[in-house]
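Visitor: File name my_file.cif; file contents mmCIF, C-alpha atoms and all ligand atoms; full text below.
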```
data_upload
#
loop_
_atom_site.label_atom_id
_atom_site.label_comp_id
_atom_site.auth_asym_id
_atom_site.auth_seq_id
_atom_site.Cartn_x
_atom_site.Cartn_y
_atom_site.Cartn_z
CA MET A 142 22.19 138.58 21.36
CA ALA A 143 23.37 138.97 24.90
CA VAL A 144 26.91 137.70 24.70
CA VAL A 145 29.31 138.98 22.08
CA SER A 146 32.81 138.08 20.97
CA TYR A 147 34.58 140.02 18.25
CA LYS A 148 36.02 137.59 15.73
CA CYS A 149 38.91 137.91 13.34
CA PRO A 150 37.50 138.40 9.80
CA ASN A 151 40.24 136.08 8.47
CA CYS A 152 40.24 133.12 10.81
CA ASP A 153 37.43 133.63 13.34
CA GLY A 154 39.94 133.86 16.20
CA PRO A 155 39.21 136.26 19.09
CA LEU A 156 40.16 139.90 18.59
CA VAL A 157 41.72 142.02 21.33
CA PHE A 158 42.15 145.80 21.40
CA ARG A 159 45.84 146.81 21.63
CA PRO A 160 46.38 150.18 23.36
CA ARG A 161 49.80 151.06 21.98
CA GLU A 162 49.02 150.19 18.36
CA ASN A 163 45.43 151.40 18.64
CA ASP A 164 44.21 148.42 16.62
CA PHE A 165 42.38 145.12 17.01
CA TYR A 166 44.66 142.12 16.90
CA CYS A 167 44.19 138.41 16.21
CA ASP A 168 46.70 136.31 18.06
CA PHE A 169 45.97 133.27 15.90
CA CYS A 170 46.79 134.60 12.45
CA GLN A 171 48.63 137.75 13.62
CA SER A 172 46.34 140.00 11.60
CA ARG A 173 45.57 143.53 12.67
CA PHE A 174 42.41 145.48 11.91
CA ASN A 175 41.10 148.98 12.45
CA LYS A 176 37.71 149.77 13.93
CA SER A 177 35.77 149.90 10.66
CA GLU A 178 37.27 146.65 9.42
CA VAL A 179 36.16 144.93 12.61
CA GLU A 180 32.71 146.45 12.26
CA ALA A 181 32.44 145.22 8.68
CA GLY A 182 33.66 141.75 9.59
CA ASN A 183 31.39 141.46 12.63
CA SER A 184 28.19 142.85 11.22
CA GLY A 185 26.23 140.17 13.04
CA ALA A 186 27.73 141.09 16.41
CA ALA A 187 27.14 143.63 19.10
CA GLU A 188 27.10 146.89 17.21
CA THR A 189 24.00 145.74 15.38
CA VAL A 190 22.34 146.74 18.64
CA SER A 191 22.46 150.31 17.38
CA ALA A 192 21.60 149.36 13.80
CA ALA A 193 18.65 147.07 14.58
CA PRO A 194 15.09 148.42 14.86
CA LYS A 195 14.39 150.00 18.25
CA THR A 196 11.66 147.60 19.36
CA GLN A 197 14.05 144.75 18.76
CA ILE A 198 16.62 146.26 21.14
CA THR A 199 14.11 146.79 23.92
CA GLU A 200 12.74 143.28 23.70
CA ASP A 201 16.21 141.91 23.51
CA ALA A 202 17.38 143.90 26.53
CA GLU A 203 14.30 143.03 28.56
CA LEU A 204 14.63 139.38 27.73
CA PHE A 205 18.27 139.63 28.63
CA GLU A 206 17.56 141.24 31.98
CA LYS A 207 15.11 138.48 32.83
CA GLU A 208 17.54 135.78 31.90
CA ALA A 209 20.61 137.54 33.16
CA VAL A 210 21.52 134.80 35.58
CA THR A 211 23.80 132.75 33.35
CA TYR A 212 25.58 133.47 30.09
CA SER A 213 27.38 131.06 27.87
CA CYS A 214 30.58 131.70 25.97
CA PRO A 215 29.96 132.07 22.21
CA SER A 216 33.27 130.29 21.50
CA CYS A 217 33.16 127.22 23.73
CA GLY A 218 29.70 127.21 25.27
CA ALA A 219 31.01 127.23 28.83
CA GLU A 220 29.04 129.08 31.47
CA ILE A 221 30.35 132.54 32.26
CA ILE A 222 30.12 133.65 35.84
CA THR A 223 30.68 137.33 36.67
CA ALA A 224 29.71 139.94 39.20
CA GLU A 225 26.35 141.59 38.58
CA SER A 226 28.00 144.77 37.32
CA THR A 227 30.57 143.14 35.04
CA ALA A 228 29.90 143.83 31.39
CA ALA A 229 33.03 142.52 29.71
CA THR A 230 35.34 139.75 30.79
CA GLN A 231 37.22 136.67 29.63
CA CYS A 232 35.85 133.17 29.35
CA TYR A 233 37.31 131.22 32.23
CA TYR A 234 37.71 128.11 30.07
CA CYS A 235 38.84 129.22 26.61
CA HIS A 236 40.16 132.67 27.63
CA ASN A 237 38.34 134.33 24.74
CA PRO A 238 37.16 137.86 25.41
CA VAL A 239 33.39 138.05 25.84
CA ILE A 240 31.13 141.07 26.17
CA LEU A 241 27.80 140.84 27.94
CA SER A 242 26.31 143.47 25.69
CA GLY A 243 22.90 143.67 27.37
CA LYS A 244 24.51 145.10 30.49
CA LEU A 245 25.63 148.17 28.58
CA SER A 246 22.40 148.75 26.70
CA ARG A 247 19.73 151.40 27.13
CA GLU A 248 20.36 153.66 30.14
CA PHE A 249 23.53 151.73 30.92
CA ARG A 250 25.06 152.39 27.54
CA PRO A 251 28.03 154.76 28.10
CA ASP A 252 28.17 157.97 26.09
CA ARG A 253 31.90 157.91 25.64
CA LEU A 254 35.01 155.90 26.42
CA ILE A 255 38.70 156.65 26.82
CA PRO A 256 40.60 153.74 25.23
CA PHE A 257 43.62 152.29 26.99
CA ALA A 258 46.79 154.09 25.92
CA ILE A 259 49.14 152.16 28.18
CA SER A 260 49.74 148.49 27.49
CA LYS A 261 49.82 145.85 30.18
CA ASP A 262 53.62 145.49 29.94
CA GLU A 263 54.05 149.21 30.35
CA ALA A 264 51.66 149.23 33.34
CA ILE A 265 53.66 146.44 34.99
CA LYS A 266 56.90 148.30 34.33
CA ARG A 267 55.55 151.50 35.88
CA PHE A 268 54.38 149.56 38.86
CA LYS A 269 57.79 147.89 39.31
CA ASP A 270 59.58 151.24 39.02
CA PHE A 271 57.32 152.62 41.71
CA CYS A 272 58.01 149.66 44.01
CA ALA A 273 61.76 149.79 43.41
CA LYS A 274 61.90 153.03 45.39
CA LYS A 275 60.11 151.56 48.41
CA ARG A 276 62.49 149.94 50.85
CA MET A 277 59.91 148.57 53.29
CA LEU A 278 58.31 146.19 50.79
CA PRO A 279 58.30 142.50 51.66
CA LYS A 280 60.76 140.68 49.40
CA GLU A 281 58.18 138.22 48.04
CA PHE A 282 56.06 141.12 46.80
CA LEU A 283 58.19 141.82 43.77
CA THR A 284 58.07 138.32 42.31
CA GLU A 285 56.52 137.86 38.86
CA GLY A 286 53.49 136.07 40.29
CA THR A 287 52.35 139.33 41.87
CA PHE A 288 51.89 140.91 38.46
CA GLU A 289 49.85 138.08 36.99
CA SER A 290 46.76 139.61 38.52
CA VAL A 291 47.16 142.89 36.61
CA THR A 292 43.89 143.35 34.74
CA GLY A 293 42.69 146.08 32.42
CA VAL A 294 39.30 147.26 33.63
CA TYR A 295 36.99 149.93 32.25
CA TYR A 296 35.28 151.66 35.17
CA PRO A 297 32.17 153.84 35.00
CA TYR A 298 32.47 157.56 35.68
CA TYR A 299 30.42 160.63 35.05
CA ILE A 300 31.95 163.80 33.71
CA VAL A 301 30.00 166.86 34.78
CA ASP A 302 30.14 170.29 33.18
CA ALA A 303 28.18 173.10 34.77
CA LYS A 304 27.26 176.72 34.43
CA ILE A 305 26.71 178.50 37.73
CA PHE A 306 25.01 181.88 38.08
CA GLY A 307 25.66 183.25 41.52
CA GLN A 308 26.31 186.19 43.75
CA ALA A 309 28.25 186.78 46.94
CA THR A 310 28.51 189.42 49.62
CA ALA A 311 31.50 189.67 51.92
CA LYS A 312 32.67 192.00 54.65
CA SER A 313 36.23 192.66 55.60
CA LYS A 314 38.14 194.84 58.05
CA THR A 315 41.56 196.51 58.00
CA THR A 316 43.30 198.20 60.92
CA ARG A 317 46.08 200.78 60.69
CA THR A 318 47.92 202.22 63.72
CA TRP A 319 50.38 205.11 63.83
CA ILE A 320 51.88 207.52 66.37
CA ALA A 321 52.01 211.27 65.95
CA GLY A 322 53.24 213.43 68.79
CA ASN A 323 51.88 212.14 72.08
CA PHE A 324 49.00 210.29 70.47
CA GLN A 325 48.53 206.85 69.03
CA TYR A 326 45.97 206.73 66.27
CA THR A 327 44.07 203.63 65.13
CA GLU A 328 42.04 203.62 61.95
CA ILE A 329 39.57 200.80 61.41
CA SER A 330 38.07 200.46 57.94
CA ASP A 331 35.06 198.27 57.19
CA TYR A 332 34.51 197.11 53.63
CA ARG A 333 31.60 195.50 51.95
CA HIS A 334 32.25 193.52 48.76
CA GLU A 335 29.63 192.53 46.21
CA ARG A 336 30.26 189.99 43.48
CA LYS A 337 27.98 188.62 40.86
CA GLY A 338 28.73 186.43 37.90
CA ASP A 339 28.62 183.31 35.76
CA LEU A 340 31.07 180.53 36.24
CA ASP A 341 31.79 177.76 33.76
CA VAL A 342 33.03 174.55 35.34
CA GLU A 343 34.23 171.76 33.11
CA GLY A 344 35.25 168.16 33.52
CA ILE A 345 34.44 167.18 37.09
CA ALA A 346 34.91 163.41 37.23
CA VAL A 347 32.97 161.31 39.69
CA SER A 348 33.03 157.53 39.99
CA ALA A 349 29.71 155.81 39.28
CA TYR A 350 30.89 152.60 40.86
CA LYS A 351 29.88 151.68 44.37
CA ASP A 352 31.81 148.52 45.15
CA GLY A 353 35.50 148.22 45.81
CA ASP A 354 37.74 151.04 46.76
CA ARG A 355 36.22 154.34 45.66
CA ASN A 356 39.45 156.11 46.63
CA LEU A 357 41.28 154.04 44.07
CA LEU A 358 38.94 155.33 41.39
CA LYS A 359 39.23 158.88 42.70
CA TYR A 360 42.97 159.23 43.07
CA VAL A 361 43.95 157.87 39.65
CA CYS A 362 42.11 160.86 38.12
CA PRO A 363 42.44 163.05 36.09
CA PHE A 364 41.78 161.57 32.67
CA ASP A 365 42.07 163.61 29.51
CA GLU A 366 38.56 163.64 28.07
CA SER A 367 39.72 165.21 24.84
CA LYS A 368 41.14 161.79 23.90
CA SER A 369 37.79 160.06 24.37
CA VAL A 370 35.81 158.39 21.61
CA ASP A 371 32.13 157.63 21.13
CA PHE A 372 31.35 154.46 22.98
CA ALA A 373 31.73 151.29 20.94
CA MET A 374 31.45 147.86 22.44
CA MET A 375 34.48 146.52 20.57
CA TYR A 376 36.96 148.60 22.60
CA LEU A 377 36.10 146.35 25.53
CA SER A 378 37.42 143.28 23.73
CA GLY A 379 40.22 141.81 25.81
CA PHE A 380 39.42 143.90 28.88
CA GLN A 381 37.06 143.73 31.78
CA ALA A 382 34.32 146.33 32.00
CA GLU A 383 32.02 147.35 34.80
CA LYS A 384 28.70 149.07 34.29
CA ARG A 385 27.64 151.96 36.46
CA GLN A 386 26.04 151.17 39.80
CA LEU A 387 25.22 154.75 40.72
CA GLY A 388 23.08 157.13 38.73
CA LYS A 389 22.83 160.88 38.50
CA ALA A 390 20.30 160.97 41.34
CA ASP A 391 22.70 159.14 43.67
CA LEU A 392 25.60 161.45 42.88
CA TYR A 393 23.83 164.79 42.53
CA GLY A 394 24.42 165.86 46.15
CA GLU A 395 28.14 165.18 45.94
CA ILE A 396 28.46 167.12 42.68
CA GLU A 397 26.37 170.03 43.88
CA LYS A 398 28.56 170.40 46.96
CA LYS A 399 31.67 170.33 44.78
CA LEU A 400 30.23 173.01 42.50
CA ARG A 401 29.32 175.20 45.49
CA ASP A 402 32.88 174.84 46.83
CA ILE A 403 34.32 175.83 43.47
CA ALA A 404 32.02 178.86 43.22
CA GLU A 405 32.85 179.91 46.78
CA ASN A 406 36.60 179.70 46.08
CA GLN A 407 36.20 181.73 42.91
CA PHE A 408 34.21 184.45 44.63
CA LYS A 409 36.54 184.58 47.61
CA GLY A 410 39.55 184.64 45.30
CA SER A 411 38.15 187.64 43.48
CA ILE A 412 37.91 189.71 46.67
CA ASN A 413 41.06 191.66 47.30
CA ALA A 414 40.19 192.47 50.89
CA GLY A 415 43.59 193.62 52.17
CA GLY A 416 42.50 192.25 55.54
CA ALA A 417 40.53 189.45 57.13
CA ILE A 418 37.15 188.53 55.62
CA THR A 419 34.71 188.77 58.52
CA SER A 420 31.61 187.47 56.81
CA PHE A 421 30.80 185.77 53.53
CA GLU A 422 27.47 184.87 52.00
CA MET A 423 26.86 183.22 48.67
CA LYS A 424 23.72 182.55 46.73
CA ILE A 425 23.47 180.28 43.69
CA ASN A 426 20.69 181.71 41.54
CA ASP A 427 20.81 179.08 38.84
CA LEU A 428 22.76 175.96 38.11
CA LYS A 429 22.82 174.20 34.76
CA ASP A 430 24.58 170.87 34.75
CA HIS A 431 25.42 168.45 31.97
CA TRP A 432 26.34 164.84 32.69
CA GLU A 433 28.09 162.36 30.43
CA TYR A 434 28.58 158.72 31.24
CA PHE A 435 32.14 157.55 30.50
CA LEU A 436 34.19 154.39 30.78
CA PHE A 437 37.73 155.13 31.95
CA PRO A 438 40.65 152.67 31.58
CA LEU A 439 42.45 151.42 34.69
CA TRP A 440 45.07 148.73 35.19
CA VAL A 441 44.18 147.11 38.47
CA MET A 442 46.22 144.77 40.62
CA THR A 443 45.38 142.98 43.85
CA TYR A 444 47.84 141.47 46.24
CA ASN A 445 47.18 139.38 49.30
CA TYR A 446 49.77 139.86 52.03
CA ARG A 447 49.32 138.18 55.41
CA GLY A 448 45.56 138.03 55.11
CA LYS A 449 45.09 141.61 53.97
CA LEU A 450 44.08 142.44 50.41
CA TYR A 451 45.92 145.34 48.82
CA ARG A 452 44.62 146.99 45.67
CA TYR A 453 46.47 149.20 43.24
CA ALA A 454 45.40 151.01 40.14
CA ILE A 455 47.24 152.68 37.31
CA ASN A 456 45.48 155.21 35.13
CA GLY A 457 45.39 153.40 31.77
CA GLN A 458 45.73 156.68 29.92
CA THR A 459 48.34 158.65 31.89
CA GLY A 460 50.08 156.05 34.05
CA LYS A 461 49.27 157.78 37.35
CA LEU A 462 49.41 155.21 40.11
CA TYR A 463 47.48 154.84 43.34
CA GLY A 464 47.61 152.16 45.99
CA GLU A 465 48.70 151.23 49.44
CA LEU A 466 51.77 149.02 49.67
CA PRO A 467 52.26 146.28 52.23
CA VAL A 468 55.00 147.01 54.75
CA ASP A 469 57.38 144.38 55.97
CA LYS A 470 57.15 144.84 59.77
CA LEU A 471 60.57 143.33 60.38
CA LYS A 472 62.22 145.67 57.88
CA LEU A 473 60.40 148.60 59.43
CA PHE A 474 61.59 147.54 62.87
CA THR A 475 65.21 147.16 61.73
CA THR A 476 65.22 150.55 60.09
CA ALA A 477 63.68 152.14 63.17
CA ALA A 478 66.27 150.42 65.36
CA VAL A 479 69.09 151.59 63.11
CA SER A 480 67.93 155.17 63.20
CA ALA A 481 67.53 155.00 66.98
CA LEU A 482 71.12 153.78 67.19
CA ALA A 483 72.23 156.57 64.89
CA VAL A 484 70.61 159.13 67.18
CA LEU A 485 72.24 157.54 70.20
CA ALA A 486 75.61 157.59 68.47
CA ALA A 487 75.15 161.22 67.57
CA ILE A 488 74.36 162.05 71.18
CA LEU A 489 77.44 160.16 72.38
CA ILE A 490 79.68 161.93 69.91
CA TYR A 491 78.19 165.24 70.80
CA GLY A 492 78.57 164.41 74.52
CA GLY A 493 82.20 163.52 73.86
CA PHE A 494 82.90 166.88 72.36
CA ALA A 495 81.08 168.74 75.09
CA ALA A 496 82.96 167.01 77.90
ZN ZN B 501 42.84 135.67 12.67
ZN ZN B 502 34.84 129.99 26.19
#
```
Render the structure in this file as structure tokens.
Ligand SMILES: [Zn+2]
Ligand SMILES: [Zn+2]
Guide:
Amino acid sequence: MAVVSYKCPNCDGPLVFRPRENDFYCDFCQSRFNKSEVEAGNSGAAETVSAAPKTQITEDAELFEKEAVTYSCPSCGAEIITAESTAATQCYYCHNPVILSGKLSREFRPDRLIPFAISKDEAIKRFKDFCAKKRMLPKEFLTEGTFESVTGVYYPYYIVDAKIFGQATAKSKTTRTWIAGNFQYTEISDYRHERKGDLDVEGIAVSAYKDGDRNLLKYVCPFDESKSVDFAMMYLSGFQAEKRQLGKADLYGEIEKKLRDIAENQFKGSINAGGAITSFEMKINDLKDHWEYFLFPLWVMTYNYRGKLYRYAINGQTGKLYGELPVDKLKLFTTAAVSALAVLAAILIYGGFAA
């Protein structure tokens, strides 16, 4: 089964995960369910992937990959069109949440997921509060239509923990000068510092998504991993989800550099040189790294202003916001002109006093 919809056990309506209530909700009969109730009521659906015999999964996934060109909605039969990486979305016709389960199977199945904690309304409110403080925004930006595009998306990340065994050698120099009698004395001391040790690094997040704005995915971090749960397909119900496009091999260089930087900072920080460090050498003797594939929740909004597409994201767990806002050129110009006038006025007043 390649396409999955989670159905209400009472009325067969579509179920959607609600962040604030932490439950699964049916809009048709207003029933709410917890995770195990949904599992029990949807025993024929996606999570059977893990319960079914292994050979079955592989065949299913392979078949799916071969036929992964079109999917049809389990509710209305309409064709579902998505980007290659999209794993959960909404049917364009009947608006029911659908999950393309095959895209998150086998090596693409996430280890863990952080469920949304911030609801869409709350995300919109945070975004409006942020905009309210920006005076250069074009007036039309803050209309309700802008916020219609706010979408909850699960993006792929890796969380890397590492143990580094390393050593460092540094040299430093201090100079002391004093006068006694008719002589000036200068004392130069050379120091050699040796450091050796283990370093535990935890929770480095790196985006496993290639398309779109990688900065967006970087700057909404950090996420609190301690609130994560084992991955279950049903959390995606009502949201969009993207599978990873980059693997460990693609990201290893970036992570290794980050780990080296962290180790270097730690070693340097431990040297109380009392003067300038003149040389520093570090050697990593061993590096043990552990990678976990996560889906992180983001509220994403796009806005088209004068032909340029602006993208914003709000961390769906903490509410941290990142994005570039459009600037109304006319407003900017007026403000600049006003401040230029203010400066001129200040000069005139000052000139008046001086005369
Ligand atoms: Zn129902
Ligand atoms: Zn449909």
Visitor: Could you list the protein, DNA and RNA residues that have any atom within 9 Å of ligand ZN 501 (chain B), counting only C-alpha atoms and all ligand atoms, and write them as a ChimeraX atom specification?
Guide: /A:148-156,166-173
Visitor: Mind giving me the straight-line distance from atom CA of A:Gly243 to atom CA of A:Gln231 in Å, one decimal?
Guide: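 Atom CA of A:Gln231 lies 16.1 Å from atom CA of A:Gly243.
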Visitor: Record the distance separating atom CA of A:Leu436 and atom CA of A:Thr287, expressed in Å with one decimal.
Guide: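 Atom CA of A:Thr287 lies 26.1 Å from atom CA of A:Leu436.
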Visitor: For ligand ZN 502 (chain B), list the contacting residues at 9 Å or closer, counting only C-alpha atoms and all ligand atoms, as an MDAnalysis selection string.
Guide: chainID A and resid 213:221 231:239
Visitor: I'd like the neighbourhood of stretch 292-294 of chain A as a PyMOL selection string, where a residue qualifies if any of its atoms comes within 6 Å (using all atoms listed in the file), though same-chain residues fewer than 5 positions away should be ignored.
Guide: chain A and resi 380-382+438-441
Visitor: Which polymer residues have any atom within 9 Å of an atom of A:Ala349, counting only C-alpha atoms, with same-chain residues fewer than 5 positions away left out, as number ranges by chain?
Guide: A: 296-299, 384-389, 391-392, 434
Visitor: For A:Thr223, work out the shell of residues within 10 Å, counting all atoms listed in the file and skipping chain neighbours fewer than 2 positions away, then give it as a PDB file with C-alpha atoms, in the frame of the given file.
Guide:
```
ATOM      1  CA  VAL A 210      21.520 134.800  35.580  1.00  0.00           C
ATOM      2  CA  THR A 211      23.800 132.750  33.350  1.00  0.00           C
ATOM      3  CA  TYR A 212      25.580 133.470  30.090  1.00  0.00           C
ATOM      4  CA  GLU A 220      29.040 129.080  31.470  1.00  0.00           C
ATOM      5  CA  ILE A 221      30.350 132.540  32.260  1.00  0.00           C
ATOM      6  CA  GLU A 225      26.350 141.590  38.580  1.00  0.00           C
ATOM      7  CA  SER A 226      28.000 144.770  37.320  1.00  0.00           C
ATOM      8  CA  THR A 227      30.570 143.140  35.040  1.00  0.00           C
ATOM      9  CA  ALA A 228      29.900 143.830  31.390  1.00  0.00           C
ATOM     10  CA  ALA A 229      33.030 142.520  29.710  1.00  0.00           C
ATOM     11  CA  THR A 230      35.340 139.750  30.790  1.00  0.00           C
ATOM     12  CA  GLN A 231      37.220 136.670  29.630  1.00  0.00           C
ATOM     13  CA  CYS A 232      35.850 133.170  29.350  1.00  0.00           C
ATOM     14  CA  LEU A 241      27.800 140.840  27.940  1.00  0.00           C
TER      15      LEU A 241
END
```
Visitor: List the neighbours of stretch 408-421 of chain A out to 10 Å using all atoms listed in the file; skip same-chain residues closer than 3 positions along the sequence, and give me the result as number ranges by chain.
Guide: A: 307-316, 330-338, 340, 402-405
Visitor: To one decimal place in Å, what is the distance between atom CA of A:Met277 and atom CA of A:Thr443?
Guide: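 Between atom CA of A:Met277 and atom CA of A:Thr443 the gap is 18.2 Å.
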Visitor: Which one of A:Pro279, A:Arg452, A:Asp164, A:Lys244 sits closest to A:Val144 if you count only C-alpha atoms?
Guide: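 Nearest candidate to A:Val144 out of A:Pro279, A:Arg452, A:Asp164, A:Lys244: A:Lys244.
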Visitor: Which of these residues is nearest to A:Arg276, using all atoms listed in the file: A:Glu263, A:Val468, A:Arg317, A:Tyr147?
Guide: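 Ranked by minimum distance to A:Arg276, first place goes to A:Val468.
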Visitor: For A:Ser290, which residue out of A:Lys261, A:Arg161, A:Arg253, A:His431 is the nearest one, using only C-alpha atoms?
Guide: A:Lys261
Visitor: Extract, using all atoms listed in the file, all DNA, RNA and protein residues at most 12 Å from A:Asp371, discarding same-chain residues fewer than 6 positions from it, and format them as a count of residues only.
Guide: 11
Visitor: Which is closest to A:Asn456 among A:Asn426, A:Arg159, A:Asn323, A:Ile265, if we use all atoms listed in the file?
Guide: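 Looking only at the distances to A:Asn456, the closest residue turns out to be A:Ile265.
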Visitor: Restricting the calculation to all atoms listed in the file, which member of A:Leu283, A:Val157, A:Leu245, A:Val370 is positioned closest to A:Phe437?
Guide: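 Comparing A:Leu283, A:Val157, A:Leu245, A:Val370 against A:Phe437, the winner is A:Val370.
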Visitor: Looking at A:Pro363, A:Gly394, A:Gly379, A:Gly457, which one is nearest to A:Val145, with distances taken over all atoms listed in the file?
Guide: A:Gly379
